[in-house]
file upload.tsv (TSV, C-alpha atoms and all ligand atoms)
chain	number	residue	atom	x	y	z
A	7	MET	CA	-14.30	-21.51	-13.46
A	8	TYR	CA	-12.00	-20.26	-16.13
A	9	ASN	CA	-8.23	-20.26	-16.60
A	10	ALA	CA	-6.07	-17.16	-16.35
A	11	ILE	CA	-2.37	-16.63	-16.94
A	12	ALA	CA	-0.47	-15.46	-13.87
A	13	TYR	CA	3.01	-15.24	-12.37
A	14	SER	CA	3.48	-17.40	-9.32
A	15	ALA	CA	6.16	-18.79	-7.02
A	16	ALA	CA	6.12	-22.51	-6.17
A	17	SER	CA	8.16	-22.25	-2.96
A	18	ALA	CA	9.92	-19.76	-0.68
A	19	THR	CA	13.14	-20.12	-2.66
A	20	ALA	CA	11.71	-20.42	-6.19
A	21	PRO	CA	11.63	-17.44	-8.55
A	22	LEU	CA	8.28	-16.23	-9.89
A	23	GLY	CA	7.34	-17.64	-13.27
A	24	PRO	CA	4.35	-18.10	-15.60
A	25	ALA	CA	1.51	-20.37	-14.49
A	26	THR	CA	-2.16	-20.99	-15.17
A	27	ILE	CA	-4.60	-20.35	-12.33
A	28	ALA	CA	-8.34	-20.82	-11.90
A	29	ARG	CA	-10.64	-17.84	-11.45
A	30	ARG	CA	-14.27	-18.25	-10.47
A	31	ASP	CA	-17.23	-17.58	-12.75
A	32	LEU	CA	-19.05	-14.41	-11.76
A	33	THR	CA	-21.65	-14.54	-9.00
A	34	GLU	CA	-24.37	-11.88	-9.23
A	35	HIS	CA	-22.38	-9.34	-7.17
A	36	ASP	CA	-19.02	-9.94	-8.88
A	37	VAL	CA	-17.17	-8.01	-11.52
A	38	GLN	CA	-14.41	-9.39	-13.74
A	39	ILE	CA	-11.45	-7.11	-14.27
A	40	GLU	CA	-8.79	-7.27	-16.97
A	41	ILE	CA	-5.69	-6.20	-15.04
A	42	LEU	CA	-3.72	-3.40	-16.71
A	43	PHE	CA	-1.14	-2.63	-14.02
A	44	CYS	CA	-0.14	-4.04	-10.66
A	45	GLY	CA	2.26	-2.34	-8.26
A	46	ILE	CA	4.96	-4.29	-6.43
A	47	CYS	CA	4.60	-3.91	-2.66
A	48	HIS	CA	7.25	-5.08	-0.20
A	49	SER	CA	4.56	-7.39	1.24
A	50	ASP	CA	4.58	-9.28	-2.07
A	51	LEU	CA	8.23	-10.13	-1.56
A	52	HIS	CA	7.80	-11.02	2.14
A	53	SER	CA	4.90	-13.33	1.26
A	54	ALA	CA	6.52	-14.92	-1.80
A	55	ARG	CA	9.52	-15.82	0.37
A	56	ASN	CA	7.44	-16.82	3.40
A	57	GLU	CA	9.20	-14.26	5.59
A	58	TRP	CA	6.06	-13.66	7.64
A	59	SER	CA	5.63	-17.38	8.41
A	60	GLU	CA	4.95	-16.73	12.12
A	61	PHE	CA	1.66	-14.92	11.65
A	62	SER	CA	0.80	-15.53	8.00
A	63	PRO	CA	2.46	-18.62	6.52
A	64	THR	CA	2.43	-18.68	2.74
A	65	ALA	CA	0.45	-21.33	0.87
A	66	TYR	CA	2.13	-22.27	-2.42
A	67	PRO	CA	1.83	-21.60	-5.23
A	68	ILE	CA	1.43	-17.91	-4.43
A	69	VAL	CA	0.34	-15.20	-6.87
A	70	PRO	CA	1.20	-11.88	-5.16
A	71	GLY	CA	-0.05	-8.39	-6.02
A	72	HIS	CA	-2.52	-6.09	-4.25
A	73	GLU	CA	-2.10	-2.79	-6.07
A	74	ILE	CA	-4.38	-3.54	-9.00
A	75	VAL	CA	-5.80	-1.22	-11.66
A	76	GLY	CA	-7.75	-2.59	-14.60
A	77	ARG	CA	-10.75	-2.44	-16.85
A	78	ILE	CA	-14.12	-4.07	-16.06
A	79	THR	CA	-14.86	-6.72	-18.68
A	80	LYS	CA	-17.94	-8.41	-17.15
A	81	VAL	CA	-20.46	-7.58	-14.45
A	82	GLY	CA	-22.78	-9.88	-12.47
A	83	SER	CA	-26.55	-9.48	-12.75
A	84	ALA	CA	-26.92	-7.59	-9.43
A	85	VAL	CA	-23.93	-5.26	-9.83
A	86	THR	CA	-24.85	-1.58	-9.49
A	87	LYS	CA	-21.54	0.31	-9.03
A	88	PHE	CA	-19.84	-0.62	-12.30
A	89	ARG	CA	-20.35	-1.08	-15.99
A	90	THR	CA	-18.29	-2.90	-18.59
A	91	GLY	CA	-15.42	-0.66	-19.70
A	92	ASP	CA	-15.04	1.21	-16.39
A	93	LEU	CA	-11.56	1.76	-14.95
A	94	ALA	CA	-11.47	0.00	-11.58
A	95	ALA	CA	-9.08	-0.94	-8.82
A	96	VAL	CA	-8.57	-3.60	-6.16
A	97	GLY	CA	-6.38	-3.20	-3.09
A	98	CYS	CA	-5.35	-5.48	-0.24
A	99	MET	CA	-8.76	-7.02	0.53
A	100	VAL	CA	-11.32	-8.84	-1.62
A	101	ASP	CA	-13.93	-9.80	0.99
A	102	SER	CA	-14.89	-9.78	4.68
A	103	ASP	CA	-17.75	-11.17	6.80
A	104	ARG	CA	-19.73	-7.87	6.51
A	105	THR	CA	-21.37	-8.53	9.90
A	106	CYS	CA	-18.80	-7.74	12.59
A	107	ASN	CA	-18.41	-4.33	14.28
A	108	ALA	CA	-15.45	-3.41	12.10
A	109	CYS	CA	-17.37	-4.17	8.91
A	110	LYS	CA	-20.41	-2.25	10.17
A	111	ASP	CA	-18.11	0.70	10.87
A	112	GLY	CA	-16.66	0.51	7.35
A	113	ILE	CA	-13.18	-0.44	8.56
A	114	GLU	CA	-13.07	-3.86	6.94
A	115	GLN	CA	-9.28	-4.01	7.34
A	116	PHE	CA	-9.89	-4.87	11.01
A	117	CYS	CA	-12.49	-7.57	10.28
A	118	PRO	CA	-11.32	-10.86	11.90
A	119	ASN	CA	-12.57	-12.63	8.77
A	120	ALA	CA	-11.18	-10.27	6.14
A	121	ILE	CA	-10.11	-12.07	2.97
A	122	LEU	CA	-6.88	-10.65	1.63
A	123	THR	CA	-6.27	-10.34	-2.09
A	124	TYR	CA	-3.67	-13.11	-2.01
A	125	ASN	CA	-2.73	-15.94	0.33
A	126	SER	CA	-6.14	-15.99	2.08
A	127	PRO	CA	-8.65	-18.87	2.02
A	128	ASP	CA	-10.74	-18.71	-1.17
A	129	VAL	CA	-14.28	-19.61	-0.08
A	130	HIS	CA	-15.46	-19.88	-3.70
A	131	LEU	CA	-12.88	-22.28	-5.09
A	132	GLY	CA	-11.62	-23.90	-1.90
A	133	SER	CA	-8.03	-22.93	-2.57
A	134	VAL	CA	-6.24	-19.69	-1.67
A	135	THR	CA	-6.80	-16.28	-3.17
A	136	TYR	CA	-4.51	-15.24	-6.03
A	137	GLY	CA	-3.44	-11.63	-6.45
A	138	GLY	CA	-2.78	-9.15	-9.20
A	139	TYR	CA	0.23	-10.63	-11.01
A	140	SER	CA	-2.36	-12.04	-13.37
A	141	GLU	CA	-4.31	-11.17	-16.50
A	142	SER	CA	-7.65	-10.95	-14.72
A	143	ILE	CA	-9.40	-11.15	-11.36
A	144	VAL	CA	-12.99	-11.65	-10.16
A	145	VAL	CA	-14.04	-9.61	-7.10
A	146	ASP	CA	-17.27	-8.70	-5.31
A	147	GLU	CA	-18.13	-5.14	-6.34
A	148	HIS	CA	-18.13	-3.95	-2.71
A	149	PHE	CA	-14.35	-4.43	-2.67
A	150	VAL	CA	-13.75	-2.78	-6.04
A	151	LEU	CA	-12.85	0.91	-6.26
A	152	ARG	CA	-13.50	3.55	-8.89
A	153	VAL	CA	-10.40	5.21	-10.37
A	154	PRO	CA	-10.63	8.91	-11.30
A	155	SER	CA	-10.22	9.17	-15.07
A	156	ASN	CA	-7.51	11.84	-14.88
A	157	LEU	CA	-5.09	9.51	-13.09
A	158	ASP	CA	-2.55	7.49	-15.07
A	159	PRO	CA	-3.38	3.79	-14.42
A	160	ALA	CA	0.27	2.67	-14.10
A	161	SER	CA	1.13	5.20	-11.41
A	162	ALA	CA	-2.29	5.06	-9.74
A	163	ALA	CA	-1.89	1.33	-8.98
A	164	PRO	CA	0.40	1.82	-5.93
A	165	LEU	CA	-2.23	4.07	-4.35
A	166	LEU	CA	-4.20	0.91	-3.55
A	167	CYS	CA	-1.71	-0.08	-0.85
A	168	ALA	CA	0.96	2.62	-0.42
A	169	GLY	CA	-1.62	5.38	-0.87
A	170	ILE	CA	-4.26	4.17	1.57
A	171	THR	CA	-1.66	3.01	4.11
A	172	THR	CA	-0.40	6.59	4.42
A	173	TYR	CA	-3.69	8.44	3.80
A	174	SER	CA	-5.67	6.67	6.52
A	175	PRO	CA	-3.41	7.64	9.48
A	176	LEU	CA	-2.95	11.18	8.15
A	177	ARG	CA	-6.73	11.57	8.20
A	178	HIS	CA	-7.30	9.66	11.44
A	179	TRP	CA	-4.89	11.93	13.33
A	180	GLY	CA	-6.26	15.10	11.79
A	181	VAL	CA	-3.37	16.19	9.59
A	182	GLY	CA	-4.15	19.42	7.76
A	183	LYS	CA	-3.51	23.16	7.71
A	184	GLY	CA	-1.60	24.47	10.72
A	185	LYS	CA	-0.15	21.03	11.57
A	186	LYS	CA	3.52	20.12	11.41
A	187	VAL	CA	3.96	16.60	10.07
A	188	GLY	CA	7.02	14.42	9.71
A	189	VAL	CA	7.34	11.56	7.24
A	190	VAL	CA	10.12	9.11	8.09
A	191	GLY	CA	11.55	7.16	5.15
A	192	ILE	CA	11.24	8.31	1.55
A	193	GLY	CA	10.44	5.03	-0.19
A	194	GLY	CA	7.37	3.34	-1.64
A	195	LEU	CA	5.12	4.41	1.25
A	196	GLY	CA	6.89	7.58	2.35
A	197	HIS	CA	7.04	9.32	-1.02
A	198	VAL	CA	3.25	9.02	-1.35
A	199	GLY	CA	2.86	10.10	2.31
A	200	VAL	CA	4.77	13.32	1.59
A	201	LYS	CA	2.55	14.10	-1.41
A	202	LEU	CA	-0.65	13.44	0.54
A	203	ALA	CA	0.39	15.38	3.67
A	204	HIS	CA	1.37	18.32	1.46
A	205	ALA	CA	-1.97	18.21	-0.39
A	206	LEU	CA	-3.79	18.09	2.97
A	207	GLY	CA	-2.18	21.47	3.73
A	208	ALA	CA	0.27	20.48	6.47
A	209	HIS	CA	3.83	21.73	6.92
A	210	VAL	CA	5.74	18.62	5.86
A	211	VAL	CA	9.20	17.59	6.99
A	212	ALA	CA	10.72	14.57	5.29
A	213	PHE	CA	13.27	12.46	7.19
A	214	THR	CA	15.74	10.46	5.17
A	215	THR	CA	19.00	8.63	5.87
A	216	SER	CA	20.42	9.53	2.46
A	217	ALA	CA	21.31	13.15	1.73
A	218	ASP	CA	20.95	12.47	-2.01
A	219	LYS	CA	17.17	12.14	-1.60
A	220	LYS	CA	16.92	15.76	-0.39
A	221	ASP	CA	16.05	17.38	-3.74
A	222	ASP	CA	13.59	14.61	-4.50
A	223	ALA	CA	11.79	15.04	-1.18
A	224	LEU	CA	11.39	18.77	-1.86
A	225	ARG	CA	10.05	18.00	-5.33
A	226	LEU	CA	7.54	15.55	-3.82
A	227	GLY	CA	6.15	18.32	-1.63
A	228	ALA	CA	8.23	18.44	1.55
A	229	ASP	CA	8.71	21.93	3.01
A	230	GLU	CA	11.90	20.82	4.76
A	231	VAL	CA	14.16	17.78	4.62
A	232	VAL	CA	16.14	16.43	7.56
A	233	VAL	CA	18.97	13.94	7.17
A	234	SER	CA	18.25	11.80	10.21
A	235	ARG	CA	21.90	10.87	10.81
A	236	ASN	CA	22.66	14.52	11.47
A	237	ALA	CA	22.01	15.06	15.21
A	238	ASN	CA	22.15	18.86	14.86
A	239	GLU	CA	19.47	18.88	12.18
A	240	MET	CA	17.28	16.58	14.31
A	241	GLU	CA	17.74	18.71	17.44
A	242	LYS	CA	16.42	21.81	15.64
A	243	HIS	CA	13.00	20.14	15.40
A	244	ALA	CA	12.79	18.88	19.02
A	245	GLY	CA	9.29	19.05	20.53
A	246	SER	CA	7.67	20.51	17.41
A	247	PHE	CA	5.70	17.84	15.53
A	248	ASN	CA	1.96	17.24	15.86
A	249	PHE	CA	2.25	14.00	13.94
A	250	ILE	CA	4.99	11.76	12.60
A	251	LEU	CA	4.31	9.00	10.06
A	252	ASP	CA	7.02	6.35	10.32
A	253	THR	CA	7.17	4.23	7.15
A	254	VAL	CA	10.46	2.44	7.86
A	255	SER	CA	10.31	-1.35	7.78
A	256	ALA	CA	13.87	-1.93	8.98
A	257	THR	CA	14.95	-1.87	12.62
A	258	HIS	CA	15.55	1.75	13.66
A	259	ASP	CA	15.66	4.06	16.68
A	260	ILE	CA	12.19	5.50	17.22
A	261	ASN	CA	13.14	7.35	20.41
A	262	SER	CA	14.95	10.03	18.44
A	263	TYR	CA	11.67	10.65	16.57
A	264	LEU	CA	9.45	10.51	19.68
A	265	ALA	CA	11.65	13.33	21.07
A	266	LEU	CA	10.59	15.49	18.13
A	267	LEU	CA	6.87	15.31	19.01
A	268	ALA	CA	5.10	18.34	20.45
A	269	ARG	CA	2.89	17.91	23.54
A	270	ASP	CA	0.16	15.36	22.76
A	271	GLY	CA	1.84	14.50	19.47
A	272	THR	CA	1.55	11.04	17.93
A	273	LEU	CA	4.00	8.85	16.09
A	274	THR	CA	2.34	6.18	13.95
A	275	LEU	CA	4.07	3.13	12.56
A	276	VAL	CA	2.99	1.83	9.16
A	277	GLY	CA	6.17	-0.09	8.33
A	278	ALA	CA	6.68	-3.45	10.01
A	279	PRO	CA	10.21	-3.96	11.35
A	280	PRO	CA	10.86	-7.68	11.87
A	281	LYS	CA	12.04	-7.32	15.50
A	282	PRO	CA	10.39	-5.43	18.40
A	283	LEU	CA	11.43	-1.79	18.67
A	284	ALA	CA	12.83	-0.45	21.95
A	285	VAL	CA	10.80	2.42	23.42
A	286	ALA	CA	12.19	4.69	26.14
A	287	ALA	CA	9.36	5.48	28.58
A	288	PHE	CA	10.66	9.02	29.05
A	289	ALA	CA	10.28	9.66	25.32
A	290	LEU	CA	6.52	9.21	25.82
A	291	ILE	CA	5.92	10.48	29.37
A	292	GLY	CA	7.48	13.91	29.02
A	293	GLY	CA	5.11	15.35	26.44
A	294	ARG	CA	2.15	12.98	26.80
A	295	HIS	CA	3.25	11.47	23.49
A	296	SER	CA	1.47	8.58	21.79
A	297	LEU	CA	2.97	5.73	19.83
A	298	SER	CA	0.49	4.00	17.53
A	299	GLY	CA	0.08	1.92	14.40
A	300	SER	CA	-2.21	1.86	11.39
A	301	SER	CA	-3.12	-0.72	8.75
A	302	ILE	CA	-4.29	0.15	5.22
A	303	GLY	CA	-7.88	1.55	5.32
A	304	GLY	CA	-11.51	0.56	4.82
A	305	ILE	CA	-13.17	0.42	1.43
A	306	ALA	CA	-15.04	3.74	1.85
A	307	GLU	CA	-11.85	5.49	2.93
A	308	THR	CA	-9.90	3.92	0.06
A	309	GLN	CA	-12.43	5.43	-2.35
A	310	GLU	CA	-12.14	8.78	-0.54
A	311	MET	CA	-8.34	8.57	-0.94
A	312	LEU	CA	-8.59	7.83	-4.68
A	313	ASP	CA	-11.05	10.72	-5.16
A	314	PHE	CA	-8.72	13.01	-3.17
A	315	CYS	CA	-5.80	11.92	-5.38
A	316	GLY	CA	-7.95	12.61	-8.45
A	317	GLU	CA	-8.70	16.16	-7.23
A	318	HIS	CA	-5.06	16.86	-6.42
A	319	ASN	CA	-3.54	14.89	-9.30
A	320	ILE	CA	-1.56	12.63	-7.01
A	321	THR	CA	-0.10	9.30	-8.10
A	322	ALA	CA	2.99	7.34	-7.13
A	323	ASP	CA	6.34	7.81	-8.89
A	324	VAL	CA	6.72	4.53	-10.74
A	325	GLU	CA	9.10	2.55	-12.88
A	326	VAL	CA	6.99	0.48	-15.25
A	327	ILE	CA	8.36	-3.01	-15.92
A	328	PRO	CA	7.23	-6.10	-17.86
A	329	ILE	CA	6.27	-9.08	-15.67
A	330	GLN	CA	9.34	-10.93	-16.94
A	331	LYS	CA	11.49	-8.55	-14.85
A	332	VAL	CA	9.67	-9.18	-11.57
A	333	ASN	CA	12.41	-11.32	-10.00
A	334	GLU	CA	15.02	-8.70	-10.83
A	335	ALA	CA	12.70	-6.04	-9.42
A	336	TYR	CA	12.48	-7.94	-6.10
A	337	GLU	CA	16.30	-7.90	-5.84
A	338	ARG	CA	16.36	-4.18	-6.58
A	339	LEU	CA	13.60	-3.58	-4.04
A	340	LEU	CA	15.83	-5.11	-1.36
A	341	LYS	CA	18.46	-2.50	-2.21
A	342	SER	CA	15.89	0.35	-2.33
A	343	ASP	CA	16.94	0.71	-5.96
A	344	VAL	CA	13.65	2.10	-7.27
A	345	LYS	CA	12.10	5.54	-7.38
A	346	TYR	CA	9.76	4.81	-5.81
A	347	ARG	CA	7.51	1.91	-6.81
A	348	PHE	CA	7.57	-0.73	-9.53
A	349	SER	CA	4.38	-1.02	-11.56
A	350	ILE	CA	4.00	-4.12	-13.73
A	351	ASP	CA	2.53	-3.61	-17.19
A	352	MET	CA	0.29	-6.66	-17.36
A	353	ALA	CA	0.07	-6.55	-21.17
A	354	SER	CA	3.52	-8.22	-20.97
A	355	LEU	CA	1.81	-11.41	-19.74
A	356	ARG	CA	0.39	-11.99	-23.21
A	357	SER	CA	3.82	-12.95	-24.52
A	358	GLU	CA	3.93	-15.87	-22.05
A	401	ZN	ZN	1.06	-3.62	0.15
A	402	ZN	ZN	-16.21	-8.15	9.54
call {"tool": "encode", "arguments": {"input": "upload.tsv", "output": "structure tokens"}}
result
Amino acid sequence: MYNAIAYSAASATAPLGPATIARRDLTEHDVQIEILFCGICHSDLHSARNEWSEFSPTAYPIVPGHEIVGRITKVGSAVTKFRTGDLAAVGCMVDSDRTCNACKDGIEQFCPNAILTYNSPDVHLGSVTYGGYSESIVVDEHFVLRVPSNLDPASAAPLLCAGITTYSPLRHWGVGKGKKVGVVGIGGLGHVGVKLAHALGAHVVAFTTSADKKDDALRLGADEVVVSRNANEMEKHAGSFNFILDTVSATHDINSYLALLARDGTLTLVGAPPKPLAVAAFALIGGRHSLSGSSIGGIAETQEMLDFCGEHNITADVEVIPIQKVNEAYERLLKSDVKYRFSIDMASLRSE
């Protein structure tokens, strides 16, 4: 075991502040990573404040962060994928049982025994896992990703959650050339979704509630932008979408989007509204529409996503902050006051 500096919260109402945490010594398959940047995901805030207590109660202290990019500083004796000095990344998972059907199929995110990057049981140290708001992390190489060298580490970090969360459903539902795709919500997830859908060759329509995001959505790669409050604009697209990616995590009317699907079209939820959404049966029956959901992606697909982003030069739009501004960033996140993801410069931890 060794000590690492981190930022943690001691309770649901406490702000995040500096702390010392234990990290394990390397096993033969582990790598140690010096964390350079960590994105701030909305899940970090939900978990820090125990807002998902019903299905995933938070164990305190919590060290959030699952959009990690860093530099390999040590490798275990059996490690084959990495060498010291490599740029590497860690996303939402750090382990799984490797034996279940999901693991065998390479979709570890659906493993019943998946170990999340933070707030999961830590089988090595007997405590809970601590995430990326920290100077270093030790992870089995199977759950560590390679980062294309042309990508900027600060803006590549959010790809590890926001990127794979949007890439996986776009790929699963066959988004590409000749397909019309809607992206609902231009925020942390949605702005990456627009870039990816565009790079995959689809005709992309961005849906936003705020007209002032119109120019931005076009710049991100949307072919058209619809202000969803405008019923006329919505009506023009009725029955025309092959696929709609809904990234909104607040309660909203999905029936108006289901009505925009073409025959056999699918709407996939990747945001997690706190209350059940009402679905009108006729919005599904009429055009044999599907309503579905998707959760991050497996390790192989996460690597595929990073390589795709490397080829197409895709990263998130980030505002880089020092760790000392993380509490302020959480408040701004609640007001959607960021374009479009915070990325913490972990070098700022050294002044703690
Ligand atoms: Zn996340
Ligand atoms: Zn498994």
call {"tool": "residues_around", "arguments": {"input": "upload.tsv", "residues": "Arg29 in chain A", "least_positions_apart": "6", "cutoff": "8 Å", "atoms": "all atoms listed in the file", "output": "PyMOL selection string"}}
result
chain A and resi 7-10+143-144
call {"tool": "residues_around", "arguments": {"input": "upload.tsv", "residues": "Trp179 in chain A", "least_positions_apart": "3", "cutoff": "10 Å", "atoms": "only C-alpha atoms", "output": "PyMOL selection string"}}
result
chain A and resi 174-176+182+248-250+271-274
call {"tool": "residues_around", "arguments": {"input": "upload.tsv", "residues": "Ala120 in chain A", "least_positions_apart": "4", "cutoff": "12 Å", "atoms": "all atoms listed in the file", "output": "VMD selection string"}}
result
chain A and resid 98 to 106 108 to 109 113 to 116 124 to 129 135 149 304 to 305
call {"tool": "closest_residue", "arguments": {"input": "upload.tsv", "among": "A:Val324, A:Ala284, A:Val210, A:Val96", "to": "ligand ZN 401 (chain A)", "atoms": "all atoms listed in the file"}}
result
A:Val96
call {"tool": "residues_near_point", "arguments": {"input": "upload.tsv", "point": "(-22.9, -2.2, -7.0)", "cutoff": "8 Å", "atoms": "only C-alpha atoms", "output": "mmCIF file with C-alpha atoms, keeping the file's coordinate frame"}}
result
data_model
loop_
_atom_site.group_PDB
_atom_site.id
_atom_site.type_symbol
_atom_site.label_atom_id
_atom_site.label_comp_id
_atom_site.auth_asym_id
_atom_site.auth_seq_id
_atom_site.Cartn_x
_atom_site.Cartn_y
_atom_site.Cartn_z
ATOM 1 C CA HIS A 35 -22.380 -9.340 -7.170
ATOM 2 C CA ALA A 84 -26.920 -7.590 -9.430
ATOM 3 C CA VAL A 85 -23.930 -5.260 -9.830
ATOM 4 C CA THR A 86 -24.850 -1.580 -9.490
ATOM 5 C CA LYS A 87 -21.540 0.310 -9.030
ATOM 6 C CA PHE A 88 -19.840 -0.620 -12.300
ATOM 7 C CA GLU A 147 -18.130 -5.140 -6.340
ATOM 8 C CA HIS A 148 -18.130 -3.950 -2.710
#
call {"tool": "residues_near_ligand", "arguments": {"input": "upload.tsv", "ligand": "ligand ZN 401 (chain A)", "cutoff": "7 Å", "atoms": "all atoms listed in the file", "output": "PyMOL selection string"}}
result
chain A and resi 47-49+72+98+167-168
call {"tool": "write_last_selection", "arguments": {"input": "upload.tsv", "atoms": "C-alpha atoms", "output": "short mmCIF file (atom, residue, chain, number, x, y, z; two decimals), in the coordinates of the input"}}
result
data_model
loop_
_atom_site.label_atom_id
_atom_site.label_comp_id
_atom_site.auth_asym_id
_atom_site.auth_seq_id
_atom_site.Cartn_x
_atom_site.Cartn_y
_atom_site.Cartn_z
CA CYS A 47 4.60 -3.91 -2.66
CA HIS A 48 7.25 -5.08 -0.20
CA SER A 49 4.56 -7.39 1.24
CA HIS A 72 -2.52 -6.09 -4.25
CA CYS A 98 -5.35 -5.48 -0.24
CA CYS A 167 -1.71 -0.08 -0.85
CA ALA A 168 0.96 2.62 -0.42
#
call {"tool": "axis_aligned_box", "arguments": {"input": "upload.tsv", "around": "range 106-123 of chain A", "padding_each_side": "6 Å", "output": "AutoDock Vina command-line options"}}
result
--center_x -13.3 --center_y -6.0 --center_z 6.1 --size_x 26.1 --size_y 25.3 --size_z 28.4
call {"tool": "atom_distance", "arguments": {"input": "upload.tsv", "atom1": "CA of Pro159 in chain A", "atom2": "CA of Thr79 in chain A"}}
result
16.1 Å
call {"tool": "closest_residue", "arguments": {"input": "upload.tsv", "among": "A:Ala217, A:Ile68, A:Ile260, A:Ala306", "to": "Lys110 in chain A", "atoms": "all atoms listed in the file"}}
result
A:Ala306
call {"tool": "residues_around", "arguments": {"input": "upload.tsv", "residues": "Thr171 in chain A", "least_positions_apart": "4", "cutoff": "8 Å", "atoms": "all atoms listed in the file", "output": "list in words"}}
result
Cys167, Pro175, Leu195, Val276, Ser300, Ser301, Ile302 and Gly303 of chain A
call {"tool": "atom_distance", "arguments": {"input": "upload.tsv", "atom1": "CA of Asn261 in chain A", "atom2": "CA of Tyr173 in chain A"}}
result
23.7 Å
call {"tool": "residues_near_point", "arguments": {"input": "upload.tsv", "point": "(5.2, 25.3, 20.3)", "cutoff": "12 Å", "atoms": "all atoms listed in the file", "output": "list in words"}}
result
Gly184, Lys185, Lys186, His243, Ala244, Gly245, Ser246, Phe247, Asn248, Leu266, Leu267, Ala268, Arg269, Asp270, Gly271 and Gly293 of chain A
call {"tool": "closest_residue", "arguments": {"input": "upload.tsv", "among": "A:Gly76, A:Ile46, A:Ile320, A:Thr26", "to": "Glu337 in chain A", "atoms": "only C-alpha atoms"}}
result
A:Ile46
call {"tool": "closest_residue", "arguments": {"input": "upload.tsv", "among": "A:Ser262, A:Thr253, A:Asn107, A:Ser14", "to": "Thr172 in chain A", "atoms": "all atoms listed in the file"}}
result
A:Thr253
call {"tool": "residues_around", "arguments": {"input": "upload.tsv", "residues": "Ser342 in chain A", "least_positions_apart": "2", "cutoff": "12 Å", "atoms": "only C-alpha atoms", "output": "short mmCIF file (atom, residue, chain, number, x, y, z; two decimals) with C-alpha atoms, keeping the file's coordinate frame"}}
result
data_model
loop_
_atom_site.label_atom_id
_atom_site.label_comp_id
_atom_site.auth_asym_id
_atom_site.auth_seq_id
_atom_site.Cartn_x
_atom_site.Cartn_y
_atom_site.Cartn_z
CA HIS A 48 7.25 -5.08 -0.20
CA GLY A 191 11.55 7.16 5.15
CA ILE A 192 11.24 8.31 1.55
CA GLY A 193 10.44 5.03 -0.19
CA GLY A 194 7.37 3.34 -1.64
CA SER A 216 20.42 9.53 2.46
CA LYS A 219 17.17 12.14 -1.60
CA VAL A 254 10.46 2.44 7.86
CA SER A 255 10.31 -1.35 7.78
CA ALA A 256 13.87 -1.93 8.98
CA ALA A 335 12.70 -6.04 -9.42
CA TYR A 336 12.48 -7.94 -6.10
CA GLU A 337 16.30 -7.90 -5.84
CA ARG A 338 16.36 -4.18 -6.58
CA LEU A 339 13.60 -3.58 -4.04
CA LEU A 340 15.83 -5.11 -1.36
CA VAL A 344 13.65 2.10 -7.27
CA LYS A 345 12.10 5.54 -7.38
CA TYR A 346 9.76 4.81 -5.81
CA ARG A 347 7.51 1.91 -6.81
CA PHE A 348 7.57 -0.73 -9.53
#
call {"tool": "closest_residue", "arguments": {"input": "upload.tsv", "among": "A:Ala12, A:Ile121, A:Leu283, A:Leu312", "to": "Pro67 in chain A", "atoms": "all atoms listed in the file"}}
result
A:Ala12
call {"tool": "closest_residue", "arguments": {"input": "upload.tsv", "among": "A:Asp111, A:Asp50, A:Glu40, A:Asp92", "to": "ligand ZN 402 (chain A)", "atoms": "all atoms listed in the file"}}
result
A:Asp111
call {"tool": "atom_distance", "arguments": {"input": "upload.tsv", "atom1": "CA of Ala20 in chain A", "atom2": "CA of Pro63 in chain A"}}
result
15.8 Å
